[in-house]
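Structure file final35.csv (CSV, C-alpha atoms) is printed below.
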```csv
chain,number,residue,atom,x,y,z
A,1,MET,CA,-5.2,3.5,15.9
A,2,LEU,CA,-6.4,0.2,17.5
A,3,ILE,CA,-5.3,-3.3,16.8
A,4,VAL,CA,-8.2,-5.5,17.8
A,5,GLU,CA,-7.3,-8.6,19.8
A,6,ASN,CA,-10.7,-9.8,20.7
A,7,ASP,CA,-14.1,-8.8,19.1
A,8,ILE,CA,-14.1,-6.2,16.4
A,9,ILE,CA,-17.9,-6.0,16.5
A,10,VAL,CA,-17.7,-4.9,20.1
A,11,GLU,CA,-14.8,-2.5,19.6
A,12,ILE,CA,-16.5,-0.7,16.6
A,13,ASN,CA,-19.9,-0.4,18.2
A,14,ASN,CA,-18.5,0.9,21.5
A,15,TRP,CA,-16.6,3.5,19.5
A,16,LEU,CA,-19.7,4.6,17.5
A,17,LYS,CA,-21.7,4.8,20.7
A,18,ASN,CA,-19.4,7.6,21.9
A,19,GLN,CA,-19.8,9.6,18.7
A,20,LYS,CA,-22.8,11.6,17.5
A,21,TYR,CA,-22.9,11.2,13.7
A,22,SER,CA,-26.0,12.1,11.7
A,23,LYS,CA,-25.5,9.2,9.3
A,24,VAL,CA,-23.0,6.4,8.9
A,25,PHE,CA,-21.9,5.3,5.4
A,26,ILE,CA,-19.8,2.2,4.7
A,27,LEU,CA,-17.7,2.1,1.5
A,28,ILE,CA,-17.2,-1.5,0.3
A,29,ASP,CA,-16.5,-3.4,-2.9
A,30,GLU,CA,-18.0,-6.7,-4.0
A,31,ASN,CA,-15.4,-8.7,-2.1
A,32,THR,CA,-15.7,-6.9,1.2
A,33,ASN,CA,-19.4,-6.9,0.9
A,34,THR,CA,-19.4,-10.7,0.7
A,35,TYR,CA,-16.6,-11.7,3.0
A,36,CYS,CA,-15.9,-8.8,5.5
A,37,LEU,CA,-19.2,-7.0,6.1
A,38,PRO,CA,-20.7,-10.0,7.8
A,39,ILE,CA,-17.7,-10.1,10.2
A,40,LEU,CA,-18.1,-6.4,11.0
A,41,GLY,CA,-21.7,-6.8,12.1
A,42,LEU,CA,-22.7,-3.1,12.1
A,43,LYS,CA,-26.2,-1.9,12.6
A,44,LYS,CA,-28.6,-2.3,9.7
A,45,ASP,CA,-29.2,1.5,9.5
A,46,SER,CA,-25.8,2.1,8.0
A,47,ILE,CA,-25.9,3.1,4.3
A,48,LEU,CA,-23.7,1.0,2.0
A,49,ILE,CA,-21.8,2.5,-1.0
A,50,GLU,CA,-20.5,-0.4,-3.1
A,51,ILE,CA,-17.9,0.1,-5.8
A,52,GLU,CA,-16.0,-2.3,-8.1
A,53,SER,CA,-12.7,-3.7,-6.7
A,54,GLY,CA,-9.3,-3.2,-8.1
A,55,GLU,CA,-6.7,-0.5,-8.7
A,56,VAL,CA,-8.1,0.2,-12.1
A,57,ASN,CA,-11.2,1.7,-10.4
A,58,LYS,CA,-9.2,4.1,-8.2
A,59,ASN,CA,-10.0,7.2,-10.2
A,60,LEU,CA,-12.1,10.3,-10.5
A,61,SER,CA,-15.1,8.5,-12.0
A,62,THR,CA,-15.4,6.3,-9.0
A,63,CYS,CA,-15.0,9.3,-6.7
A,64,GLN,CA,-17.9,11.0,-8.5
A,65,TYR,CA,-20.0,7.9,-7.9
A,66,ILE,CA,-19.2,8.0,-4.2
A,67,TRP,CA,-19.8,11.7,-3.9
A,68,ASN,CA,-23.2,11.3,-5.7
A,69,LYS,CA,-24.2,8.5,-3.3
A,70,LEU,CA,-23.4,10.8,-0.3
A,71,LEU,CA,-25.4,13.6,-1.9
A,72,GLN,CA,-28.4,11.4,-2.8
A,73,ASN,CA,-28.5,10.2,0.8
A,74,ASN,CA,-28.3,13.7,2.2
A,75,ALA,CA,-25.0,13.3,3.9
A,76,ASP,CA,-24.2,16.4,5.9
A,77,ARG,CA,-20.9,17.5,7.4
A,78,ASN,CA,-21.7,15.5,10.5
A,79,ALA,CA,-21.8,12.2,8.6
A,80,LEU,CA,-19.2,9.4,8.9
A,81,LEU,CA,-17.7,7.3,6.1
A,82,ILE,CA,-16.3,3.9,7.1
A,83,ASN,CA,-13.8,2.5,4.7
A,84,LEU,CA,-14.0,-1.3,4.8
A,85,GLY,CA,-11.5,-2.8,2.4
A,86,GLY,CA,-8.0,-2.8,1.1
A,87,GLY,CA,-5.6,0.0,0.0
A,88,VAL,CA,-7.9,1.2,-2.8
A,89,ILE,CA,-10.9,1.6,-0.5
A,90,CYS,CA,-8.8,3.3,2.3
A,91,ASP,CA,-7.0,5.6,-0.1
A,92,MET,CA,-10.0,6.6,-2.2
A,93,GLY,CA,-12.5,6.6,0.7
A,94,GLY,CA,-10.3,8.9,2.7
A,95,PHE,CA,-9.9,11.2,-0.3
A,96,CYS,CA,-13.6,11.4,-1.0
A,97,ALA,CA,-14.5,12.0,2.7
A,98,SER,CA,-11.9,14.7,3.0
A,99,THR,CA,-13.1,16.6,0.0
A,100,TYR,CA,-16.9,16.1,0.3
A,101,LYS,CA,-18.4,19.4,1.7
A,102,ARG,CA,-14.8,20.4,2.6
A,103,GLY,CA,-14.5,17.3,4.8
A,104,ILE,CA,-16.4,14.7,6.8
A,105,ASP,CA,-15.0,12.3,9.3
A,106,PHE,CA,-13.9,8.8,8.1
A,107,ILE,CA,-12.5,5.7,9.7
A,108,ASN,CA,-10.5,2.9,8.2
A,109,ILE,CA,-11.1,-0.8,8.7
A,110,PRO,CA,-8.4,-2.3,6.5
A,111,THR,CA,-9.2,-5.8,5.4
A,112,THR,CA,-6.0,-6.7,3.6
A,113,LEU,CA,-2.5,-7.1,4.9
A,114,LEU,CA,-1.3,-4.4,2.5
A,115,ALA,CA,-3.8,-1.9,3.9
A,116,GLN,CA,-3.2,-2.9,7.5
A,117,VAL,CA,0.5,-2.4,7.4
A,118,ASP,CA,0.7,0.4,4.9
A,119,ALA,CA,-2.3,2.1,3.2
A,120,SER,CA,-4.3,2.8,6.3
A,121,ILE,CA,-1.4,4.5,8.2
A,122,GLY,CA,0.2,7.8,7.7
A,123,SER,CA,-2.6,10.2,6.6
A,124,LYS,CA,-2.1,9.8,2.8
A,125,THR,CA,-5.3,9.7,0.7
A,126,GLY,CA,-5.6,9.8,-3.0
A,127,ILE,CA,-6.4,8.4,-6.4
A,128,ASP,CA,-4.7,7.6,-9.7
A,129,PHE,CA,-4.9,10.0,-12.6
A,130,ALA,CA,-3.8,9.8,-16.2
A,131,ASN,CA,-2.7,6.2,-15.6
A,132,LYS,CA,-0.2,7.5,-12.9
A,133,LYS,CA,-0.3,6.2,-9.3
A,134,ASN,CA,-1.7,8.4,-6.6
A,135,MET,CA,-1.3,11.7,-8.6
A,136,ILE,CA,-4.3,13.4,-6.9
A,137,GLY,CA,-4.6,13.4,-3.1
A,138,LEU,CA,-4.0,15.0,0.2
A,139,PHE,CA,-2.8,14.4,3.7
A,140,SER,CA,-5.9,13.7,5.9
A,141,GLU,CA,-6.0,11.8,9.1
A,142,SER,CA,-8.7,9.2,9.8
A,143,LYS,CA,-10.8,9.7,12.9
A,144,ALA,CA,-9.8,6.1,13.9
A,145,THR,CA,-8.4,2.9,12.4
A,146,PHE,CA,-9.4,-0.5,13.5
A,147,ILE,CA,-7.1,-3.4,12.6
A,148,ASP,CA,-8.1,-7.1,13.1
A,149,SER,CA,-6.1,-9.9,11.6
A,150,ILE,CA,-9.3,-11.9,11.3
A,151,PHE,CA,-9.9,-10.3,7.9
A,152,LEU,CA,-6.7,-12.0,6.6
A,153,ASN,CA,-8.6,-15.3,6.6
A,154,THR,CA,-10.7,-13.9,3.8
A,155,LEU,CA,-7.7,-13.3,1.5
A,156,PRO,CA,-6.3,-15.6,-1.3
A,157,GLN,CA,-2.6,-16.4,-0.9
A,158,ARG,CA,-1.7,-14.0,-3.7
A,159,GLU,CA,-3.2,-11.0,-2.0
A,160,LEU,CA,-1.6,-12.0,1.3
A,161,LEU,CA,1.8,-12.1,-0.3
A,162,SER,CA,1.2,-8.8,-1.9
A,163,GLY,CA,0.8,-7.2,1.5
A,164,PHE,CA,3.7,-9.2,2.9
A,165,ALA,CA,5.9,-7.2,0.4
A,166,GLU,CA,5.3,-4.1,2.5
A,167,VAL,CA,6.2,-6.0,5.7
A,168,LEU,CA,9.5,-7.0,4.1
A,169,LYS,CA,10.1,-3.5,2.9
A,170,HIS,CA,9.7,-2.2,6.5
A,171,GLY,CA,12.4,-4.6,7.6
A,172,LEU,CA,14.7,-3.8,4.8
A,173,ILE,CA,14.6,0.0,5.5
A,174,ALA,CA,14.5,-0.1,9.3
A,175,ASP,CA,15.1,-3.4,11.1
A,176,LYS,CA,17.4,-6.1,9.8
A,177,LYS,CA,16.3,-8.6,12.5
A,178,TYR,CA,12.6,-8.1,11.7
A,179,PHE,CA,13.3,-8.7,8.0
A,180,ARG,CA,15.0,-12.0,8.6
A,181,LYS,CA,12.5,-13.1,11.2
A,182,ALA,CA,9.5,-12.3,8.9
A,183,ILE,CA,10.9,-14.3,6.0
A,184,ASP,CA,11.9,-17.2,8.3
A,185,SER,CA,8.5,-17.4,10.1
A,186,TYR,CA,6.7,-17.2,6.8
A,187,LEU,CA,8.7,-20.1,5.3
A,188,LYS,CA,8.1,-22.1,8.5
A,189,ASP,CA,4.4,-21.2,8.4
A,190,SER,CA,4.7,-19.9,12.0
A,191,ILE,CA,3.7,-16.3,11.5
A,192,HIS,CA,1.7,-14.5,14.3
A,193,TRP,CA,0.0,-11.9,12.2
A,194,ASN,CA,-1.0,-9.6,15.0
A,195,LYS,CA,2.7,-9.3,16.0
A,196,ILE,CA,3.8,-8.8,12.4
A,197,ILE,CA,1.2,-6.1,11.9
A,198,ASP,CA,2.0,-4.4,15.1
A,199,LYS,CA,5.7,-4.3,14.3
A,200,SER,CA,5.2,-2.9,10.8
A,201,ILE,CA,2.9,-0.3,12.1
A,202,GLN,CA,5.5,0.7,14.7
A,203,ILE,CA,8.1,1.1,12.0
A,204,LYS,CA,6.0,3.2,9.7
A,205,ALA,CA,4.4,5.3,12.4
A,206,ASN,CA,7.8,6.1,13.9
A,207,ILE,CA,9.0,7.3,10.5
A,208,VAL,CA,5.8,9.3,9.7
A,209,ALA,CA,5.9,11.0,13.2
A,210,GLN,CA,9.3,12.4,12.3
A,211,ASP,CA,8.3,13.6,8.9
A,212,PRO,CA,4.5,13.8,8.5
A,213,LEU,CA,4.5,15.6,5.1
A,214,GLU,CA,7.3,13.5,3.4
A,215,ASN,CA,9.9,16.3,3.2
A,216,GLY,CA,12.8,14.0,4.1
A,217,LEU,CA,13.0,10.8,6.2
A,218,ARG,CA,9.5,9.6,5.2
A,219,LYS,CA,10.7,9.2,1.7
A,220,ILE,CA,12.5,5.9,2.7
A,221,LEU,CA,9.0,4.3,2.9
A,222,ASN,CA,9.1,4.5,-0.9
A,223,PHE,CA,11.8,1.9,-1.2
A,224,GLY,CA,11.0,-0.2,-4.2
A,225,HIS,CA,8.2,2.1,-5.2
A,226,THR,CA,9.7,4.3,-7.9
A,227,ILE,CA,10.3,1.3,-10.2
A,228,GLY,CA,7.5,-0.6,-8.6
A,229,HIS,CA,4.8,2.0,-9.3
A,230,ALA,CA,5.9,2.2,-12.9
A,231,LEU,CA,5.7,-1.6,-13.3
A,232,GLU,CA,2.3,-1.6,-11.6
A,233,SER,CA,0.9,1.2,-13.8
A,234,TYR,CA,2.2,-0.4,-17.0
A,235,SER,CA,0.9,-3.8,-16.0
A,236,LEU,CA,-2.6,-2.4,-15.4
A,237,LEU,CA,-2.6,-1.0,-18.9
A,238,LYS,CA,-1.0,-3.7,-20.8
A,239,HIS,CA,-1.1,-7.1,-19.1
A,240,LYS,CA,-3.9,-9.7,-19.2
A,241,LYS,CA,-3.1,-10.5,-15.5
A,242,PRO,CA,-1.9,-7.3,-14.0
A,243,LEU,CA,0.7,-7.3,-11.2
A,244,LEU,CA,-0.7,-6.6,-7.7
A,245,HIS,CA,0.9,-3.7,-5.8
A,246,GLY,CA,3.1,-5.8,-3.6
A,247,GLU,CA,4.3,-7.9,-6.5
A,248,ALA,CA,5.4,-4.8,-8.4
A,249,VAL,CA,7.0,-3.5,-5.2
A,250,ILE,CA,9.1,-6.7,-4.8
A,251,LEU,CA,10.3,-6.3,-8.4
A,252,GLY,CA,11.0,-2.6,-7.6
A,253,ILE,CA,13.0,-3.6,-4.5
A,254,ILE,CA,15.1,-6.0,-6.6
A,255,GLY,CA,15.8,-3.1,-9.0
A,256,GLU,CA,16.6,-0.6,-6.3
A,257,LEU,CA,18.9,-3.1,-4.5
A,258,PHE,CA,20.8,-3.3,-7.8
A,259,LEU,CA,21.1,0.5,-7.9
A,260,SER,CA,22.3,0.4,-4.2
A,261,LYS,CA,25.1,-2.0,-5.3
A,262,LYS,CA,25.9,0.2,-8.4
A,263,ARG,CA,26.3,3.2,-6.0
A,264,LYS,CA,28.6,1.1,-3.8
A,265,LEU,CA,26.3,1.4,-0.8
A,266,ILE,CA,25.9,-2.4,-0.4
A,267,SER,CA,28.1,-5.3,-1.4
A,268,GLN,CA,27.5,-7.9,-4.0
A,269,GLU,CA,27.1,-10.4,-1.2
A,270,THR,CA,24.2,-8.3,0.3
A,271,LEU,CA,22.6,-7.9,-3.0
A,272,SER,CA,22.7,-11.6,-3.8
A,273,GLU,CA,21.6,-12.5,-0.3
A,274,VAL,CA,18.5,-10.3,-0.2
A,275,VAL,CA,17.4,-11.1,-3.8
A,276,SER,CA,17.8,-14.8,-3.0
A,277,MET,CA,15.7,-14.5,0.1
A,278,LEU,CA,12.9,-12.6,-1.7
A,279,LYS,CA,12.9,-15.3,-4.4
A,280,THR,CA,12.2,-18.0,-1.8
A,281,ILE,CA,8.8,-16.5,-1.4
A,282,TYR,CA,8.0,-14.7,-4.7
A,283,THR,CA,8.0,-16.4,-8.1
A,284,PHE,CA,7.7,-14.6,-11.4
A,285,ASP,CA,8.1,-17.4,-13.9
A,286,LYS,CA,5.0,-16.2,-15.8
A,287,LEU,CA,5.9,-12.5,-15.7
A,288,GLU,CA,4.6,-10.7,-18.9
A,289,LYS,CA,6.9,-8.5,-20.9
A,290,PHE,CA,7.5,-4.8,-20.2
A,291,ASP,CA,8.6,-2.0,-22.6
A,292,PHE,CA,11.5,-0.3,-20.9
A,293,GLU,CA,11.0,3.0,-22.6
A,294,GLU,CA,7.4,3.2,-21.4
A,295,LEU,CA,8.4,2.3,-17.9
A,296,ILE,CA,11.0,5.1,-17.9
A,297,ASN,CA,8.3,7.5,-19.1
A,298,PHE,CA,6.1,6.5,-16.1
A,299,MET,CA,9.1,7.1,-13.8
A,300,LEU,CA,9.8,10.5,-15.3
A,301,ASN,CA,6.3,11.5,-14.2
A,302,ASP,CA,6.6,10.0,-10.7
A,303,LYS,CA,5.5,12.5,-8.0
A,304,LYS,CA,8.6,11.7,-6.0
A,305,ASN,CA,11.0,13.1,-8.6
A,306,ASP,CA,13.1,16.2,-8.0
A,307,ASN,CA,14.1,18.7,-10.7
A,308,GLU,CA,12.8,16.3,-13.4
A,309,LYS,CA,15.2,13.6,-12.2
A,310,ILE,CA,14.1,10.0,-11.3
A,311,GLN,CA,14.5,9.5,-7.6
A,312,CYS,CA,15.0,6.1,-5.9
A,313,ILE,CA,15.4,5.0,-2.4
A,314,LEU,CA,18.6,2.9,-1.7
A,315,LEU,CA,19.9,0.7,1.0
A,316,LYS,CA,23.2,1.3,2.8
A,317,GLU,CA,22.7,-2.0,4.5
A,318,ILE,CA,19.9,-4.3,5.5
A,319,GLY,CA,17.8,-2.2,7.9
A,320,LEU,CA,19.2,1.2,6.8
A,321,ALA,CA,17.9,3.2,3.9
A,322,THR,CA,18.9,6.5,2.3
A,323,TYR,CA,17.0,9.0,0.2
A,324,GLY,CA,17.8,11.8,-2.3
A,325,GLN,CA,19.4,9.7,-5.0
A,326,SER,CA,18.9,10.6,-8.6
A,327,PHE,CA,19.4,8.3,-11.6
A,328,SER,CA,19.9,8.5,-15.3
A,329,GLU,CA,17.7,6.6,-17.8
A,330,LYS,CA,20.7,4.4,-18.5
A,331,GLU,CA,21.0,3.4,-14.8
A,332,ILE,CA,17.3,2.7,-14.6
A,333,THR,CA,17.5,0.6,-17.8
A,334,ASP,CA,20.3,-1.5,-16.2
A,335,ALA,CA,18.2,-2.0,-13.1
A,336,LEU,CA,15.3,-3.2,-15.3
A,337,LEU,CA,17.6,-5.6,-17.0
A,338,PHE,CA,18.7,-6.9,-13.6
A,339,ILE,CA,15.1,-7.5,-12.7
A,340,ASN,CA,14.5,-9.4,-15.9
A,341,GLN,CA,17.6,-11.6,-15.2
A,342,ASN,CA,16.4,-12.5,-11.7
A,343,THR,CA,12.8,-13.2,-12.6
A,344,GLN,CA,12.8,-15.1,-15.9
A,345,ASN,CA,13.5,-18.4,-14.2
A,346,ALA,CA,12.4,-17.5,-10.7
```

Step by step, read the file and then write its structure as structure tokens.
Amino acid sequence: MLIVENDIIVEINNWLKNQKYSKVFILIDENTNTYCLPILGLKKDSILIEIESGEVNKNLSTCQYIWNKLLQNNADRNALLINLGGGVICDMGGFCASTYKRGIDFINIPTTLLAQVDASIGSKTGIDFANKKNMIGLFSESKATFIDSIFLNTLPQRELLSGFAEVLKHGLIADKKYFRKAIDSYLKDSIHWNKIIDKSIQIKANIVAQDPLENGLRKILNFGHTIGHALESYSLLKHKKPLLHGEAVILGIIGELFLSKKRKLISQETLSEVVSMLKTIYTFDKLEKFDFEELINFMLNDKKNDNEKIQCILLKEIGLATYGQSFSEKEITDALLFINQNTQNA
């Protein structure tokens, strides 16, 4: 893992000089091809594999396209795949590299805030299947990860806020001071992105180091994601303007904060305070409607469930999360109603 402070072109090329790869492939989408590849400045003999952007394309069909491109260009087991992009590129590129010919090396160069603080860390790779998030995948470590906040300059505000949701999640589950400081600095337009990225990486890496295969503590990184993934999956299928991952996670956090209050882990004051703080940054006044029954069906198929019961991560206080909590469909419905109540006039 390397957070680049100076020149990413120099850092990447110096790293590659010390390797002996037979061929270098770069996985991109139309956006990273236009805005990020010129920043990277890699040698012209790299082979580009371009896919269409968006979560909707994070599937087996796109994987087949990537594998075919590797085959057509005679990629052997000593080839390298560079994943240049956001969470979709990092997740799917890592999965394709790890399964092609039983595994070739890959490195991540995350270009979105979401990927820099979340998707490129922790060895998870995977794709969506049967309209369910990340249902097929494996744990596989990148050979290296290069993070440079320069890429954030290429992002529209909506994408930046989507990634910021994961930053706030890290504060909520592990560091109260960090949560408050992140919101305050964002509202004052005084964020130092390298410091934010570094702190979020420290939080996630510390949790992952204690529980690499998500058997216990690492589950707290899913705060907001049980409800959030259901909202995201439904929105991709049904909405004209689907929710981005971070937008769905913020809604999921609001719902799981409500469940934390229902289980008497946090007070009404804490619930109101955190929801109010989130709403100073995120607005959902044009949020399209959801079918609660379908959302619950998505949650019942969530890979995080245990004994066919819906599992959510809860807060005991700001900066301290707990896992292993199961919920009835009625409780989930109440949480979805609470989300509606707090977003209709956001």

Residue neighbourhood segment 207-209 of chain A, 12 Å, all atoms listed in the file, exclusion window fewer than 3 positions, as a PDB file with C-alpha atoms, in the coordinates of the input:
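As written to disk, part26.pdb reads:
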```
ATOM      1  CA  ASP A 118       0.700   0.400   4.900  1.00  0.00           C
ATOM      2  CA  ILE A 121      -1.400   4.500   8.200  1.00  0.00           C
ATOM      3  CA  GLY A 122       0.200   7.800   7.700  1.00  0.00           C
ATOM      4  CA  SER A 123      -2.600  10.200   6.600  1.00  0.00           C
ATOM      5  CA  LYS A 124      -2.100   9.800   2.800  1.00  0.00           C
ATOM      6  CA  PHE A 139      -2.800  14.400   3.700  1.00  0.00           C
ATOM      7  CA  HIS A 170       9.700  -2.200   6.500  1.00  0.00           C
ATOM      8  CA  ILE A 173      14.600   0.000   5.500  1.00  0.00           C
ATOM      9  CA  ALA A 174      14.500  -0.100   9.300  1.00  0.00           C
ATOM     10  CA  SER A 200       5.200  -2.900  10.800  1.00  0.00           C
ATOM     11  CA  ILE A 201       2.900  -0.300  12.100  1.00  0.00           C
ATOM     12  CA  GLN A 202       5.500   0.700  14.700  1.00  0.00           C
ATOM     13  CA  ILE A 203       8.100   1.100  12.000  1.00  0.00           C
ATOM     14  CA  LYS A 204       6.000   3.200   9.700  1.00  0.00           C
ATOM     15  CA  PRO A 212       4.500  13.800   8.500  1.00  0.00           C
ATOM     16  CA  LEU A 213       4.500  15.600   5.100  1.00  0.00           C
ATOM     17  CA  GLU A 214       7.300  13.500   3.400  1.00  0.00           C
ATOM     18  CA  ASN A 215       9.900  16.300   3.200  1.00  0.00           C
ATOM     19  CA  GLY A 216      12.800  14.000   4.100  1.00  0.00           C
ATOM     20  CA  LEU A 217      13.000  10.800   6.200  1.00  0.00           C
ATOM     21  CA  ARG A 218       9.500   9.600   5.200  1.00  0.00           C
ATOM     22  CA  LYS A 219      10.700   9.200   1.700  1.00  0.00           C
ATOM     23  CA  ILE A 220      12.500   5.900   2.700  1.00  0.00           C
ATOM     24  CA  LEU A 221       9.000   4.300   2.900  1.00  0.00           C
ATOM     25  CA  ASN A 222       9.100   4.500  -0.900  1.00  0.00           C
ATOM     26  CA  ALA A 321      17.900   3.200   3.900  1.00  0.00           C
TER      27      ALA A 321
END
```

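Among the candidate residues A:Lys330, A:Lys279, A:Lys316, A:Lys240, the one lying nearest to Lys261 of chain A is A:Lys316, with distances computed using all atoms listed in the file.
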
Residue neighbourhood Ile266 of chain A, 8 Å, all atoms listed in the file, exclusion window fewer than 4 positions, as a short mmCIF file (atom, residue, chain, number, x, y, z; two decimals) with C-alpha atoms, keeping the file's coordinate frame:
```
data_model
loop_
_atom_site.label_atom_id
_atom_site.label_comp_id
_atom_site.auth_asym_id
_atom_site.auth_seq_id
_atom_site.Cartn_x
_atom_site.Cartn_y
_atom_site.Cartn_z
CA SER A 260 22.30 0.40 -4.20
CA LYS A 261 25.10 -2.00 -5.30
CA THR A 270 24.20 -8.30 0.30
CA LEU A 271 22.60 -7.90 -3.00
CA LEU A 315 19.90 0.70 1.00
CA LYS A 316 23.20 1.30 2.80
CA GLU A 317 22.70 -2.00 4.50
#
```

Quick one: pull the distance between atom CA of Gln72 of chain A and atom CA of Asn59 of chain A, Å, one decimal. 20.3 Å

Do a neighbour search on Leu231 of chain A at 8 Å with all atoms listed in the file, toss out local chain neighbours closer than 5 positions, and write the hits as a list in words.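 These residues fall inside the cut-off: Leu243, Ala248, Gly252, Phe290 and Leu295 of chain A.
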
Closest of A:Gly246, A:Lys132, A:Asn68, A:Pro38 to Gly87 of chain A - atom-to-atom distances counting all atoms listed in the file: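 Looking only at the distances to Gly87 of chain A, the closest residue turns out to be A:Gly246.
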
Near segment 99-108 of chain A, within 6 Å and counting all atoms listed in the file, which residues show up once chain neighbours fewer than 6 positions away are dropped, as a list of chain:residue names?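 Non-adjacent residues within range: A:Arg77, A:Leu80, A:Leu81, A:Ile82, A:Asn83, A:Ser142, A:Lys143, A:Ala144, A:Thr145.
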
Kindly save the residues from that selection, with C-alpha atoms included, as a PDB file, in the frame of the given file.
```pdb
ATOM      1  CA  ARG A  77     -20.900  17.500   7.400  1.00  0.00           C
ATOM      2  CA  LEU A  80     -19.200   9.400   8.900  1.00  0.00           C
ATOM      3  CA  LEU A  81     -17.700   7.300   6.100  1.00  0.00           C
ATOM      4  CA  ILE A  82     -16.300   3.900   7.100  1.00  0.00           C
ATOM      5  CA  ASN A  83     -13.800   2.500   4.700  1.00  0.00           C
ATOM      6  CA  SER A 142      -8.700   9.200   9.800  1.00  0.00           C
ATOM      7  CA  LYS A 143     -10.800   9.700  12.900  1.00  0.00           C
ATOM      8  CA  ALA A 144      -9.800   6.100  13.900  1.00  0.00           C
ATOM      9  CA  THR A 145      -8.400   2.900  12.400  1.00  0.00           C
TER      10      THR A 145
END
```

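In this structure, atom CA of Ile310 of chain A sits 17.7 Å away from atom CA of Phe338 of chain A.
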
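Between Ser61 of chain A and the candidates A:Asp7, A:Asp128, A:Glu294, A:Glu331, the tightest atom-to-atom separation, counting only C-alpha atoms, involves A:Asp128.
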
How many Å separate atom CA of Arg158 of chain A from atom CA of Gly137 of chain A?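 Rounded to one decimal, the two atoms are 27.6 Å apart.
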